[in-house]
Every structure is written in structure tokens, then in C-alpha cells.
Amino acid sequence: MENPRAPWGRRPAAVLANRASGGYRLFSLLDEDGPEPAAGQFYMLATEAHWEQRGGRPFLPRAFSVAEATTGSRSSLVGQSATNSERTAVRLDFLIEAIGPGTERLCHLEEGERVWLNGPLGNGFSLPRELSDSAAGAILVGGGIGIAPLAIWRKRLAARNVPTRVLLGFRDEAHSGGLDDLFACCEVALASDDGHIGHRGYVTDLLDVMLAGDDARSAAVYACGPPPMLAAVAALCSERGIVHELAMESPMGCGYGACYGCAVPAPDGDGYIRLCVDGPVVRGG
Amino acid sequence: MVEFCGLELGNPVINASGTFDAIAARKVYGDALLEDFPFSAFVSKTITLEPRVGNEPQRIWETPAGMINSIGLPNKGLEGFVEHDLPQLGELPVPLIVSVMATAHEDFARMVSALDEREEVAALELNVSCPNVHSGLIVGEQPSETLALLEALRPLTRKPLIVKLTPNVADPASVAVAAEEGGADAVSLINTVKAAAIDPATGASGIGVGQGGLSGPAIRPIAVGQVRAVAAAVGLPVVGMGGVCNGADAAEMLAAGATLVAVGTESFRDPRAGSRVAAELSETFEQSS
């Protein structure tokens, strides 16, 4: 899939909404200048006001994968009546969990407030056919807040009539959300560590069972979640020879290749890659 | 226009080495980067004679009004830089300053000589925040080491030599004086301030290799103090940097005695910070005149 290019520099975007979605928050920004992103791409975000609010932190912008993107007329996106000189814009939805000073500040975004937006950045997911000639369907595996990029990917795959199955896992009820908002009208197999929903255990247990089925070889697996989950997904896929892509995370300072902070070991074992420009979606071996 | 070491620059704002990758940025943003390039000269990431993969993660750690980094100078080595990067950096619309580092005079000399032959290179910055393998001493922490290095390199090129000073010394002015005596054309300061952080979640170092360098507005007063002391001690032009985020910060650096100001960490937050700082600085001047 093609990765749309970000406009040069950062730009302000207005907050359209911010509401609870289970234990997470789902907020929407109005991007009046950027292209519609590819699934798996991310944005660097920081509030325009009161960013360094708590003892000089947060300081750096934070990276978030986009959970949904809707292109439309500006007035339709902001809920106003149409005007004659209508401009198009993109509504960007992000799923967020308060885990530190940056995410806490963004969880308190208010409607109309402005956020510095830099993106879309990085490489998104590839279609199953782009990963393997024999891959026809998709299996999406998400853990926790990592379900976000899989939500937009599921919709893009559905629009292309790619058969897709979705497996999502959460730690417990407080650390779960986004299901009704991002995965409504689609069948999802669930797992939770505490058993409050779905299978009691890991989402990778569900994947293990699914990959044992006959048709699994014709699937490509796409995963996003905590590092141990991604390692387990990669191992399950690799031992069965199933193509897979992982949407990874590492601490990012800039998002556009400047700081070299987001290095992770290169998949080919040769040094490091920068996740912001060589990822965040990385093809498994 | 600003004159710096014989170069005519459009404004006094350049970048700090290692804080802006023009090649990566062009891939991300396209040729819009060239049409509105954020700096009046571009300083490359530091290159070494041999390729380096850089340090193990974790490489960055956010701190109050700043960050600690320990990137470890990943680069393609002199040969890889000249073959792959230099042609691309030569397409930038501003003069190119190449930052070099080595742990032996011979290696420094090979890099300076090789880059002296390249017309894309307008000037060289010597990153001396590294040990001399022969003496074990950090070159930039010792006036005698800095003088010896400049005496070895000065005859090898007529291109301007800028010495990047470390703040991790008691008296940076004495090192700047040694650089001037050795024939340097300019000094730039400050490099990052030695620092560490502990991850409260694990009790372990927040930085993979244990320590790193602090940058961002947290260190700006240190930078202003050292720029002021160095500018008073030498007759060379000074590139002032350390936590510059806006025009007022840049004006303060110039008032402290800098000829040019470099923007570093702020570019991580705002990719076009260099252009913004230059515009704000120009407004500041118009208001005061």
C-alpha cells in the first residue's frame, strides 16, 4: 500500500471530540491540511497549550497510530451545515490510555482546543497479496491499546473484500476499550488475562488455535500490542511459515528520522532500524 | 545576511549536529523540505572513519524541559558517507558543514583530507567529545589535546575548521583559547551535558548504556553562561547552542556573544523550528531598532 506523505512541518488541528471508550479515551482531530493516512501510519501529537504543564513534562511530542480516518467536507466533519465554498478535511481518531504525562495531558483534551499534528508518518500495513502470492485473507491480532491501528486496517481490508478475522486481547476491564467504537459491526474473538471478557488467557492462545486450522496458510497475520505479545505472534507465525507484519512501538523523540532515538534491532539482524522511518509496521521474517 | 568563516548565510540560524537528518526528512516530507529549508547552513550528523551501528536501546529519555540521549553516533563511515550521503547533502540549498570525529589524529587526518577535496563541503566541524586512544584523555576536555589536534589538522585543509566544545569541563574558555591558538576558524558550543536518569518502574538506568547527554531548554542557562565566557576569551566567531526554542532564546545567545545560533532538540518537537526561530529573531531585531 502507498504511504501518503505528510505536509512539511507540524500544523495545528482542532479537537472535535474526546470521550471515554471503555477504560480508554477516543479523541478526534480535524486535519485541514493533511492527506488521508494509510492504516498503520502514525502522527506526532502535542497540545498547543499547557504541554510542559507538570514540572517541565511532557516535553517531546508523542507518537500515536491512527485508529480511524474519515475524509469529508469540512462542514460535515464539524457538524455544521454545508457552505458554498466547501473544503475537504480529514477527521482523525486516536485511541489513548493514560500511562504517563503525555498521554494524561492528551486524555484531558477539550473540544476546540488545538493540537500540534505532524504526519502521517512511517510505513503502513501491506495487503496480504503484497506479502505473499498465496495469502488471500487477513488475521488481525491486537493487544490492549494496540488494537488502534488494526481498527482502521480492518475497515480498509473490508473495503477491498479481503476476508478478515479479528482477535483482540486485554489485561483487565480497566485496561480495555475501543471495542464498541472501533470494532462495531464486525465479529471479534476476545481474550482477557482476568477472564472478564472472552477467553481467559492470552490473545495469542486464540491465534495458536486459529493457525492450526486448514486455511491459516492462506492468511497474513497483522499484529499490534505489547512487545511480549508481538514476540509470541512472530514465533507462532514463523514456525508455521505464515507471513506477518508487526506494528511496533519504541520511544520516539521526533517521528521523522531526526533523533535516532527509536532504534530497534533490525529484522535482518544487521544493526538497528529507526522505527519512525523504517516502521512502525515491520515485516516479520 | 550573516558572514561566518567566509560563508554568506541567509540568517544566523543553523542546526546542531545530530539533531536533523536532512536525508531522512526529505524522504518523509519530499522536496518541500528544499523549498523551505529550516536552516541557513546544514551541519551533518557526526561521521567516523569506520561505520558504526550506534548504541543499544533505550537511547532517549524525557526529562523536565529536555531529554537525555545516548545515540552512539550511528553512521555509514567516511567511505559510505562520501558515496551515499554527500551527493544528497550537496543538493541542499544551503552550505554544508560536515561533523567529524575520531579517536586518533591519523583517523581525523584521513577524514579531513578526504572531505577537503569535496566541493560540496563548505566547512568542517570537529567533534572533540571523544577520547584520544593514545592518551586516554577526552580531547575537548584538555586544552593541550585540543591544541595538538588542531596543529595536526590545520595544515590539511583551507576549509573552515569549527571546534565543537563540550560543556563537561571546569573552564571551556581555556579549551576555546587552545583551539584558536591551533588555528581553528570558529568554535561551537555547547554539546550535551553529561546526565543520567533512573526508570522509576524498574530502578534501572533509563538509558541503555547507563548515561547520556542532556539537551533542551533545561540546559539553556548553562549554554548562555559558557557562550558568554568563551566569546569573551577568543576572537573567533562562536556558534551558540543549547535549548534554543524561539527567537527570544536566539537573541539571548547572540547577546551573549554568539555569531550564529544553532537549533537542536527543538527540531524534534517542531521540524521547521529553525525557520520559526529565524523569523522570530528577525522580528525581535525590527522591534528593537
# chains A, B, ... in the order shown; residues from 1 in each chain; ligands from 1
call {"tool": "residues_around", "arguments": {"residues": "range 227-231 of chain A", "least_positions_apart": "6", "cutoff": "8 Å", "atoms": "only C-alpha atoms", "output": "mmCIF file with C-alpha atoms, in the first residue's frame"}}
result
data_model
loop_
_atom_site.group_PDB
_atom_site.id
_atom_site.type_symbol
_atom_site.label_atom_id
_atom_site.label_comp_id
_atom_site.auth_asym_id
_atom_site.auth_seq_id
_atom_site.Cartn_x
_atom_site.Cartn_y
_atom_site.Cartn_z
ATOM 1 C CA GLY A 143 -3.426 -6.368 22.439
ATOM 2 C CA THR A 204 -2.054 -15.492 21.251
ATOM 3 C CA LEU A 246 4.048 -6.218 13.280
ATOM 4 C CA MET A 248 5.850 -1.857 16.731
#
call {"tool": "select_by_dssp", "arguments": {"residues": "range 159-231 of chain B", "states": "strand (DSSP E)", "output": "ChimeraX atom specification"}}
result
/B:161-164,186-189,193-195,212-215
call {"tool": "select_by_dssp", "arguments": {"residues": "range 2-243 of chain A", "states": "alpha helix (DSSP H)", "output": "short mmCIF file (atom, residue, chain, number, x, y, z; two decimals) with N, CA and C atoms, in the first residue's frame"}}
result
data_model
loop_
_atom_site.label_atom_id
_atom_site.label_comp_id
_atom_site.auth_asym_id
_atom_site.auth_seq_id
_atom_site.Cartn_x
_atom_site.Cartn_y
_atom_site.Cartn_z
N ARG A 74 -15.47 19.73 5.18
CA ARG A 74 -15.14 20.27 6.49
C ARG A 74 -16.41 20.44 7.34
N SER A 75 -17.46 20.95 6.71
CA SER A 75 -18.68 21.22 7.47
C SER A 75 -19.31 19.93 7.97
N SER A 76 -19.27 18.86 7.16
CA SER A 76 -19.87 17.61 7.61
C SER A 76 -19.09 17.04 8.79
N LEU A 77 -17.78 17.23 8.77
CA LEU A 77 -16.96 16.67 9.85
C LEU A 77 -17.13 17.43 11.16
N VAL A 78 -17.37 18.74 11.05
CA VAL A 78 -17.54 19.52 12.29
C VAL A 78 -19.02 19.65 12.67
N PRO A 101 2.85 11.37 31.60
CA PRO A 101 2.48 12.78 31.49
C PRO A 101 1.92 13.18 30.11
N GLY A 102 2.43 12.59 29.04
CA GLY A 102 1.95 12.95 27.70
C GLY A 102 0.55 12.44 27.45
N THR A 103 0.32 11.16 27.73
CA THR A 103 -1.00 10.58 27.48
C THR A 103 -2.03 11.17 28.45
N GLU A 104 -1.59 11.49 29.67
CA GLU A 104 -2.53 12.10 30.63
C GLU A 104 -3.01 13.46 30.13
N ARG A 105 -2.07 14.25 29.60
CA ARG A 105 -2.44 15.57 29.09
C ARG A 105 -3.42 15.42 27.91
N LEU A 106 -3.13 14.49 27.02
CA LEU A 106 -3.99 14.30 25.84
C LEU A 106 -5.36 13.74 26.24
N CYS A 107 -5.43 12.96 27.32
CA CYS A 107 -6.72 12.45 27.77
C CYS A 107 -7.64 13.58 28.22
N PRO A 128 -2.37 -8.57 2.08
CA PRO A 128 -1.88 -9.96 2.10
C PRO A 128 -1.14 -10.34 0.82
N ARG A 129 -1.69 -9.94 -0.32
CA ARG A 129 -1.08 -10.29 -1.61
C ARG A 129 0.31 -9.66 -1.79
N GLU A 130 0.52 -8.53 -1.13
CA GLU A 130 1.83 -7.89 -1.21
C GLU A 130 2.87 -8.63 -0.36
N LEU A 131 2.39 -9.41 0.59
CA LEU A 131 3.30 -10.16 1.46
C LEU A 131 3.60 -11.54 0.90
N ALA A 148 -5.65 -0.15 18.14
CA ALA A 148 -5.99 1.05 17.36
C ALA A 148 -5.66 0.94 15.86
N PRO A 149 -4.43 0.65 15.47
CA PRO A 149 -4.16 0.62 14.03
C PRO A 149 -4.87 -0.52 13.32
N LEU A 150 -5.26 -1.58 14.08
CA LEU A 150 -5.95 -2.70 13.46
C LEU A 150 -7.39 -2.32 13.12
N ALA A 151 -7.94 -1.33 13.83
CA ALA A 151 -9.32 -0.90 13.55
C ALA A 151 -9.41 -0.29 12.16
N ILE A 152 -8.50 0.63 11.84
CA ILE A 152 -8.54 1.25 10.51
C ILE A 152 -8.12 0.25 9.44
N TRP A 153 -7.22 -0.66 9.78
CA TRP A 153 -6.78 -1.67 8.81
C TRP A 153 -7.93 -2.62 8.48
N ARG A 154 -8.72 -2.99 9.50
CA ARG A 154 -9.86 -3.87 9.25
C ARG A 154 -10.83 -3.22 8.25
N LYS A 155 -11.09 -1.92 8.44
CA LYS A 155 -12.03 -1.24 7.53
C LYS A 155 -11.47 -1.15 6.12
N ARG A 156 -10.17 -0.90 6.01
CA ARG A 156 -9.56 -0.82 4.67
C ARG A 156 -9.58 -2.19 3.98
N LEU A 157 -9.35 -3.25 4.77
CA LEU A 157 -9.39 -4.59 4.20
C LEU A 157 -10.81 -4.95 3.77
N ALA A 158 -11.80 -4.58 4.59
CA ALA A 158 -13.20 -4.87 4.26
C ALA A 158 -13.59 -4.16 2.97
N ALA A 159 -13.10 -2.93 2.79
CA ALA A 159 -13.43 -2.17 1.58
C ALA A 159 -12.85 -2.84 0.34
N LEU A 179 -13.75 -1.23 21.81
CA LEU A 179 -14.46 -2.28 21.06
C LEU A 179 -15.70 -1.77 20.37
N ASP A 180 -16.61 -1.15 21.15
CA ASP A 180 -17.88 -0.70 20.57
C ASP A 180 -17.66 0.42 19.57
N ASP A 181 -16.65 1.25 19.83
CA ASP A 181 -16.44 2.40 18.94
C ASP A 181 -15.68 2.04 17.66
N LEU A 182 -14.75 1.11 17.77
CA LEU A 182 -13.86 0.85 16.63
C LEU A 182 -14.11 -0.50 15.96
N VAL A 203 -4.42 -13.49 23.95
CA VAL A 203 -4.96 -13.47 22.60
C VAL A 203 -4.15 -14.39 21.70
N THR A 204 -2.89 -14.61 22.07
CA THR A 204 -2.05 -15.49 21.25
C THR A 204 -2.49 -16.95 21.39
N ASP A 205 -3.22 -17.28 22.49
CA ASP A 205 -3.82 -18.63 22.60
C ASP A 205 -4.82 -18.82 21.46
N LEU A 206 -5.61 -17.76 21.23
CA LEU A 206 -6.61 -17.82 20.15
C LEU A 206 -5.93 -17.93 18.79
N LEU A 207 -4.84 -17.20 18.63
CA LEU A 207 -4.12 -17.25 17.37
C LEU A 207 -3.54 -18.64 17.14
N ASP A 208 -3.02 -19.23 18.19
CA ASP A 208 -2.42 -20.56 18.09
C ASP A 208 -3.44 -21.57 17.55
N VAL A 209 -4.65 -21.51 18.11
CA VAL A 209 -5.72 -22.41 17.67
C VAL A 209 -6.10 -22.12 16.22
N MET A 210 -6.22 -20.83 15.91
CA MET A 210 -6.64 -20.46 14.56
C MET A 210 -5.60 -20.89 13.52
N LEU A 211 -4.33 -20.74 13.86
CA LEU A 211 -3.28 -21.08 12.90
C LEU A 211 -3.16 -22.59 12.69
N PRO A 227 5.21 -5.73 23.58
CA PRO A 227 6.32 -6.49 22.99
C PRO A 227 6.26 -8.00 23.22
N PRO A 228 5.89 -8.50 24.43
CA PRO A 228 5.83 -9.97 24.59
C PRO A 228 4.77 -10.59 23.67
N MET A 229 3.65 -9.87 23.46
CA MET A 229 2.62 -10.39 22.56
C MET A 229 3.15 -10.46 21.13
N LEU A 230 3.84 -9.39 20.71
CA LEU A 230 4.38 -9.37 19.34
C LEU A 230 5.40 -10.49 19.15
N ALA A 231 6.21 -10.73 20.17
CA ALA A 231 7.22 -11.79 20.08
C ALA A 231 6.53 -13.14 19.94
N ALA A 232 5.44 -13.34 20.70
CA ALA A 232 4.70 -14.60 20.63
C ALA A 232 4.04 -14.77 19.26
N VAL A 233 3.47 -13.69 18.73
CA VAL A 233 2.83 -13.75 17.40
C VAL A 233 3.88 -14.09 16.34
N ALA A 234 5.04 -13.42 16.42
CA ALA A 234 6.10 -13.66 15.44
C ALA A 234 6.55 -15.12 15.50
N ALA A 235 6.68 -15.65 16.71
CA ALA A 235 7.13 -17.04 16.86
C ALA A 235 6.10 -18.02 16.29
N LEU A 236 4.82 -17.79 16.61
CA LEU A 236 3.76 -18.68 16.11
C LEU A 236 3.72 -18.66 14.59
N CYS A 237 3.85 -17.47 14.00
CA CYS A 237 3.79 -17.36 12.54
C CYS A 237 5.03 -17.96 11.89
N SER A 238 6.18 -17.65 12.46
CA SER A 238 7.43 -18.11 11.85
C SER A 238 7.51 -19.62 11.83
N GLU A 239 7.10 -20.27 12.94
CA GLU A 239 7.24 -21.73 12.96
C GLU A 239 6.28 -22.40 11.98
N ARG A 240 5.24 -21.68 11.54
CA ARG A 240 4.31 -22.25 10.56
C ARG A 240 4.51 -21.65 9.16
#
call {"tool": "closest_atom_pairs", "arguments": {"of": "chain B", "to": "chain A", "cutoff": "9 Å", "atoms": "only C-alpha atoms", "output": "CSV"}}
result
residue,atom,partner,partner_atom,distance
B:Gly18,CA,A:Cys259,CA,7.1
B:Thr19,CA,A:Ala258,CA,5.6
B:Phe20,CA,A:Ala258,CA,4.5
B:Asp21,CA,A:Ala258,CA,4.8
B:Ala22,CA,A:Ala258,CA,8.0
B:Ile23,CA,A:Gly257,CA,8.8
B:Ala24,CA,A:Gly257,CA,5.5
B:Ala25,CA,A:Tyr256,CA,6.1
B:Lys27,CA,A:Val277,CA,8.7
B:Val28,CA,A:Tyr256,CA,6.6
B:Tyr29,CA,A:Trp8,CA,5.3
B:Gly30,CA,A:Arg5,CA,7.7
B:Ala32,CA,A:Trp8,CA,6.3
B:Leu33,CA,A:Trp8,CA,6.6
B:Asp36,CA,A:Trp8,CA,8.7
B:Arg52,CA,A:Gly271,CA,8.8
B:Val53,CA,A:Gly271,CA,5.4
B:Gly54,CA,A:Tyr272,CA,7.9
B:Asn55,CA,A:Ala263,CA,8.9
B:Glu56,CA,A:Ala263,CA,8.0
B:Pro57,CA,A:Ala263,CA,6.4
B:Gln58,CA,A:Gly261,CA,7.6
B:Arg59,CA,A:Gly261,CA,5.2
B:Ile60,CA,A:Gly261,CA,5.4
B:Trp61,CA,A:Pro251,CA,8.1
B:Glu62,CA,A:Phe59,CA,6.9
B:Thr63,CA,A:Arg57,CA,7.0
B:Pro64,CA,A:Gly56,CA,4.2
B:Ala65,CA,A:Gly56,CA,4.5
B:Gly66,CA,A:Phe59,CA,6.3
B:Met67,CA,A:Phe59,CA,8.0
B:Asn69,CA,A:Gly261,CA,7.5
B:Ser70,CA,A:Gly261,CA,8.3
B:Ile71,CA,A:Tyr260,CA,6.6
B:Pro74,CA,A:Tyr260,CA,8.5
B:Gly216,CA,A:Phe59,CA,8.9
B:Ala218,CA,A:Gly56,CA,8.7
B:Thr265,CA,A:Cys259,CA,8.3
B:Glu266,CA,A:Leu60,CA,8.9
B:Ser267,CA,A:Cys254,CA,7.8
B:Phe268,CA,A:Cys254,CA,4.3
B:Arg269,CA,A:Leu60,CA,5.9
B:Asp270,CA,A:Arg10,CA,6.2
B:Pro271,CA,A:Gly9,CA,5.2
B:Arg272,CA,A:Gly9,CA,5.5
B:Ala273,CA,A:Gly9,CA,8.7
call {"tool": "atom_distance", "arguments": {"atom1": "CA of Pro35 in chain A", "atom2": "CA of Ser126 in chain A"}}
result
18.4 Å
call {"tool": "residues_around", "arguments": {"residues": "range 277-279 of chain B", "least_positions_apart": "5", "cutoff": "6 Å", "atoms": "only C-alpha atoms", "output": "MDAnalysis selection string"}}
result
chainID B and resid 13 246:247
call {"tool": "closest_residue", "arguments": {"among": "B:Phe42, B:Val234, B:Asn11, B:Val163", "to": "Leu281 in chain B", "atoms": "only C-alpha atoms"}}
result
B:Asn11
call {"tool": "decode", "arguments": {"residues": "range 247-264 of chain A", "atoms": "N, CA and C atoms", "output": "PDB file, in the first residue's frame"}}
result
ATOM      1  N   ALA A 247       3.117  -4.076  13.932  1.00  0.00           N
ATOM      2  CA  ALA A 247       3.167  -2.625  14.163  1.00  0.00           C
ATOM      3  C   ALA A 247       3.822  -2.432  15.521  1.00  0.00           C
ATOM      4  N   MET A 248       5.041  -1.896  15.511  1.00  0.00           N
ATOM      5  CA  MET A 248       5.850  -1.857  16.731  1.00  0.00           C
ATOM      6  C   MET A 248       5.860  -0.471  17.372  1.00  0.00           C
ATOM      7  N   GLU A 249       6.379  -0.450  18.593  1.00  0.00           N
ATOM      8  CA  GLU A 249       6.436   0.806  19.338  1.00  0.00           C
ATOM      9  C   GLU A 249       7.810   0.921  19.979  1.00  0.00           C
ATOM     10  N   SER A 250       8.353   2.128  20.004  1.00  0.00           N
ATOM     11  CA  SER A 250       9.543   2.401  20.814  1.00  0.00           C
ATOM     12  C   SER A 250       9.523   3.889  21.119  1.00  0.00           C
ATOM     13  N   PRO A 251      10.284   4.341  22.112  1.00  0.00           N
ATOM     14  CA  PRO A 251      10.206   5.758  22.483  1.00  0.00           C
ATOM     15  C   PRO A 251      10.663   6.632  21.305  1.00  0.00           C
ATOM     16  N   MET A 252       9.786   7.501  20.848  1.00  0.00           N
ATOM     17  CA  MET A 252      10.118   8.344  19.701  1.00  0.00           C
ATOM     18  C   MET A 252      10.274   9.790  20.128  1.00  0.00           C
ATOM     19  N   GLY A 253      11.368  10.417  19.691  1.00  0.00           N
ATOM     20  CA  GLY A 253      11.573  11.820  20.022  1.00  0.00           C
ATOM     21  C   GLY A 253      10.990  12.756  18.986  1.00  0.00           C
ATOM     22  N   CYS A 254      11.064  12.349  17.695  1.00  0.00           N
ATOM     23  CA  CYS A 254      10.699  13.292  16.632  1.00  0.00           C
ATOM     24  C   CYS A 254       9.711  12.716  15.628  1.00  0.00           C
ATOM     25  N   GLY A 255       9.814  11.445  15.289  1.00  0.00           N
ATOM     26  CA  GLY A 255       8.906  10.821  14.334  1.00  0.00           C
ATOM     27  C   GLY A 255       9.306  10.944  12.882  1.00  0.00           C
ATOM     28  N   TYR A 256      10.394  11.713  12.585  1.00  0.00           N
ATOM     29  CA  TYR A 256      10.755  11.871  11.166  1.00  0.00           C
ATOM     30  C   TYR A 256      12.241  11.622  10.887  1.00  0.00           C
ATOM     31  N   GLY A 257      12.844  10.784  11.723  1.00  0.00           N
ATOM     32  CA  GLY A 257      14.209  10.335  11.426  1.00  0.00           C
ATOM     33  C   GLY A 257      15.312  11.225  11.939  1.00  0.00           C
ATOM     34  N   ALA A 258      14.974  12.263  12.714  1.00  0.00           N
ATOM     35  CA  ALA A 258      15.991  13.225  13.130  1.00  0.00           C
ATOM     36  C   ALA A 258      16.764  12.784  14.370  1.00  0.00           C
ATOM     37  N   CYS A 259      16.081  12.164  15.333  1.00  0.00           N
ATOM     38  CA  CYS A 259      16.732  11.979  16.644  1.00  0.00           C
ATOM     39  C   CYS A 259      17.403  10.626  16.824  1.00  0.00           C
ATOM     40  N   TYR A 260      17.084   9.652  16.006  1.00  0.00           N
ATOM     41  CA  TYR A 260      17.676   8.309  16.100  1.00  0.00           C
ATOM     42  C   TYR A 260      17.366   7.632  17.433  1.00  0.00           C
ATOM     43  N   GLY A 261      16.330   8.109  18.127  1.00  0.00           N
ATOM     44  CA  GLY A 261      16.021   7.561  19.442  1.00  0.00           C
ATOM     45  C   GLY A 261      15.238   6.262  19.388  1.00  0.00           C
ATOM     46  N   CYS A 262      14.453   6.048  18.315  1.00  0.00           N
ATOM     47  CA  CYS A 262      13.505   4.934  18.290  1.00  0.00           C
ATOM     48  C   CYS A 262      14.092   3.667  17.690  1.00  0.00           C
ATOM     49  N   ALA A 263      15.418   3.524  17.805  1.00  0.00           N
ATOM     50  CA  ALA A 263      16.074   2.363  17.216  1.00  0.00           C
ATOM     51  C   ALA A 263      15.585   1.058  17.845  1.00  0.00           C
ATOM     52  N   VAL A 264      15.367   0.057  16.997  1.00  0.00           N
ATOM     53  CA  VAL A 264      15.106  -1.316  17.451  1.00  0.00           C
ATOM     54  C   VAL A 264      16.015  -2.222  16.608  1.00  0.00           C
TER      55      VAL A 264
END
